[in-house]
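Working notes for the structure below.
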Amino acid sequence: MISIENISKWYSDFRVLTDCTTSVKKGEVVVVCGPSGSGKSTLIKCVNGLEPVQEGRITVDGDEVTAKHANLTALRSRIGMVFQHFELYPHMSVLENLCLAQEKVLGRSRSEAVARAEKLLARVGMADHVKKYPSQLSGGQQQRIAIARSLAMDPIAMLFDEPTSALDPEMIKEVLDVMVELAQEGMTMMVVTHEMGFARKVADRVIFMDEGAIIEDRPTTEFFDNPVSERAKDFLSKILNH
Amino acid sequence: MEYNWNWSILFEEQYLNWLISGFGWTVSVALSAWCIAIVIGALVGVGKTVPNKVIRGICATYVEIFRNVPLLVQMFIWYFAVPEMLPDDWGRWMKRDMPNPEFVTAVVALGLYTASRIAEQVRAGIETVPPGLTAAATAHGLSVGQTYRYVLLPISFRMIVPPLTSEFLTVFKNSSLALTIGLLELTAQSQQIAEYTFQGFEAFTAATVIYVCIALVATVLMQLLEKYTRIPGYVGKEG
């Protein structure tokens, strides 16, 4: 489904990604973790072309993202993305947030878009808030809506960029619950997160990154029970025992 | 100081008609110029934020030229110099056949000048929109044009309503410079009344009161606009 081959990326002279190669199969859930500044967010932003890469090749469902004249808008509309700070459109009601791209990008009719939006809002437990504006909702509620907004596009895969890092502790669970449900339904997911409990529960594989390189890329249980690299051991000891 | 106050001249038919006519020209020039300024200002402001370097450069040049040359000089250039610089036929048309030449020139000069100021506010408004929102719109497949139309502009225009209010007031006040190219707007008419009646205090008091009234109405209108377009809980206090 998603294939990343030997990608490297620089911000002027500073190298942020070094020769990263991995892939995500259909229905697979992959968690990307690592210390801050390790390039994990940058890596998943390259998958839908939000960040350009200077070397290497990325394909999603057979379409090359890194091609010179790739039709990125069409490609992006098929990949959902959820951000750390939700990024809901503040001037639109919850319902409009879910309808905008459905109508303008997919060309759905108003009634189709509203029906799809209402169904997904019910699914994430936000059916009572359709008329509210994002700033009138809690962080957890906003993030659940952001997930619903991405799902409204009927994506073939979902990217999550630290979806719970900006949330108060008591709201993390409501967002993770939605993500776990999504994973169990077979959605292809690439998740940047520090939530190791989530990783253990639903991830098929864990990718550990440091200084822009993929250090480990292994099945979840192997990674947790038996990390090979010193850096991964060090990272796990810090993150699991705090 | 000996001065014979005579407020009644303001209500003599001839002078009252002059004031009304002056008021009419002032409002017409200001509102017409405002329409030009909003359209061009929005385009140039957007142009200063697009990825394309050439467009950005052109728009930046526009702003620097029109914002930095005094408005009065711009009025003179449009009225006296531009017809001479154009091909003969066009220049002759501007000088002889163009309807209401003073009005048209004043509207163009004031509109293009105000546009450069609005452009800067639009640019600043767009730049205050968090970059994550653009990323979200892009990630959902919206094109650059759609991102501007549905996300960046609706948010930034709401945020710049307060500075636009002062710009809207300024356009009325700046319209008084049109008297220098012979448009009989409010200031010119008051000056004329002063010359005819020697009642300068009364004449200019009338102009002052009318300008203040225009400003108050404009302020109230903009405040209503601000209240109506406010994003709930996003910027400023709850309406």
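As shown in the structure tokens, the chain order sets the letters A, B, ...; within each chain, residues go from 1, and ligands are also counted from 1 in the order they appear.
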
For a quick test of understanding: name the residues of chain B lying within 9 Å of chain A when counting only C-alpha atoms, and present them as a tab-separated table (two decimals) with C-alpha atoms, in the first residue's frame.
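So part.tsv came out as:
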chain	number	residue	atom	x	y	z
B	130	PRO	CA	-1.61	29.13	11.63
B	132	GLY	CA	-1.12	23.96	10.27
B	133	LEU	CA	-4.48	24.94	8.82
B	134	THR	CA	-2.96	25.28	5.37
B	135	ALA	CA	-1.30	21.90	5.86
B	136	ALA	CA	-4.66	20.37	6.87
B	137	ALA	CA	-6.43	21.83	3.85
B	138	THR	CA	-3.63	20.64	1.59
B	139	ALA	CA	-3.66	17.20	3.19
B	140	HIS	CA	-7.36	16.86	2.42
B	141	GLY	CA	-6.71	17.47	-1.24
B	142	LEU	CA	-7.74	21.11	-1.55
B	143	SER	CA	-5.84	22.94	-4.26
B	146	GLN	CA	-9.37	26.35	-2.84
B	150	TYR	CA	-12.29	28.47	1.75
B	151	VAL	CA	-9.71	28.65	4.53
B	154	PRO	CA	-12.33	33.77	5.24
B	155	ILE	CA	-10.20	33.65	8.37
B	230	ARG	CA	-16.72	37.12	14.35
B	231	ILE	CA	-15.60	33.51	14.69
B	232	PRO	CA	-17.09	32.19	17.93
B	233	GLY	CA	-14.40	31.88	20.57
B	234	TYR	CA	-11.54	32.34	18.10

Within 8 Å of His194 of chain A using only C-alpha atoms, minus same-chain residues under 6 positions, as a list in words
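The residues satisfying every condition are Cys33, Gly34, Glu162, Ser165 and Ile239 of chain A.
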
Dump as a PDB file, in the first residue's frame, selection limited to C-alpha atoms:
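The new file result17.pdb reads:
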ATOM      1  CA  CYS A  33       8.359   6.306  17.487  1.00  0.00           C
ATOM      2  CA  GLY A  34      11.638   7.848  18.540  1.00  0.00           C
ATOM      3  CA  GLU A 162       1.261  12.695  17.267  1.00  0.00           C
ATOM      4  CA  SER A 165       0.541  14.879  22.226  1.00  0.00           C
ATOM      5  CA  ILE A 239       9.448   6.135  28.046  1.00  0.00           C
TER       6      ILE A 239
END

So which residues of segment 17-191 of chain A fall under helix (DSSP H, G or I) by DSSP, listed as a ChimeraX atom specification?
/A:40-47,72-76,94-104,110-123,127-129,134-136,139-151,169-184

Quiz prompt | segment 36-216 of chain A: residues DSSP assigns to strand (DSSP E or B), reported as a PyMOL selection string | solution = chain A and resi 55-60+63-64+79-82+157-161+189-192+205-210+213-216

Next on the checklist: Give me the residues near Pro163 of chain A as a ChimeraX atom specification, where near means some atom within 12 Å (using only C-alpha atoms) and where sequence neighbours in that chain fewer than 3 positions away do not count.
Outcome noted: /A:31,41,81-87,139-140,142-147,158-160,166-168,171-176,178-179,190-195,198
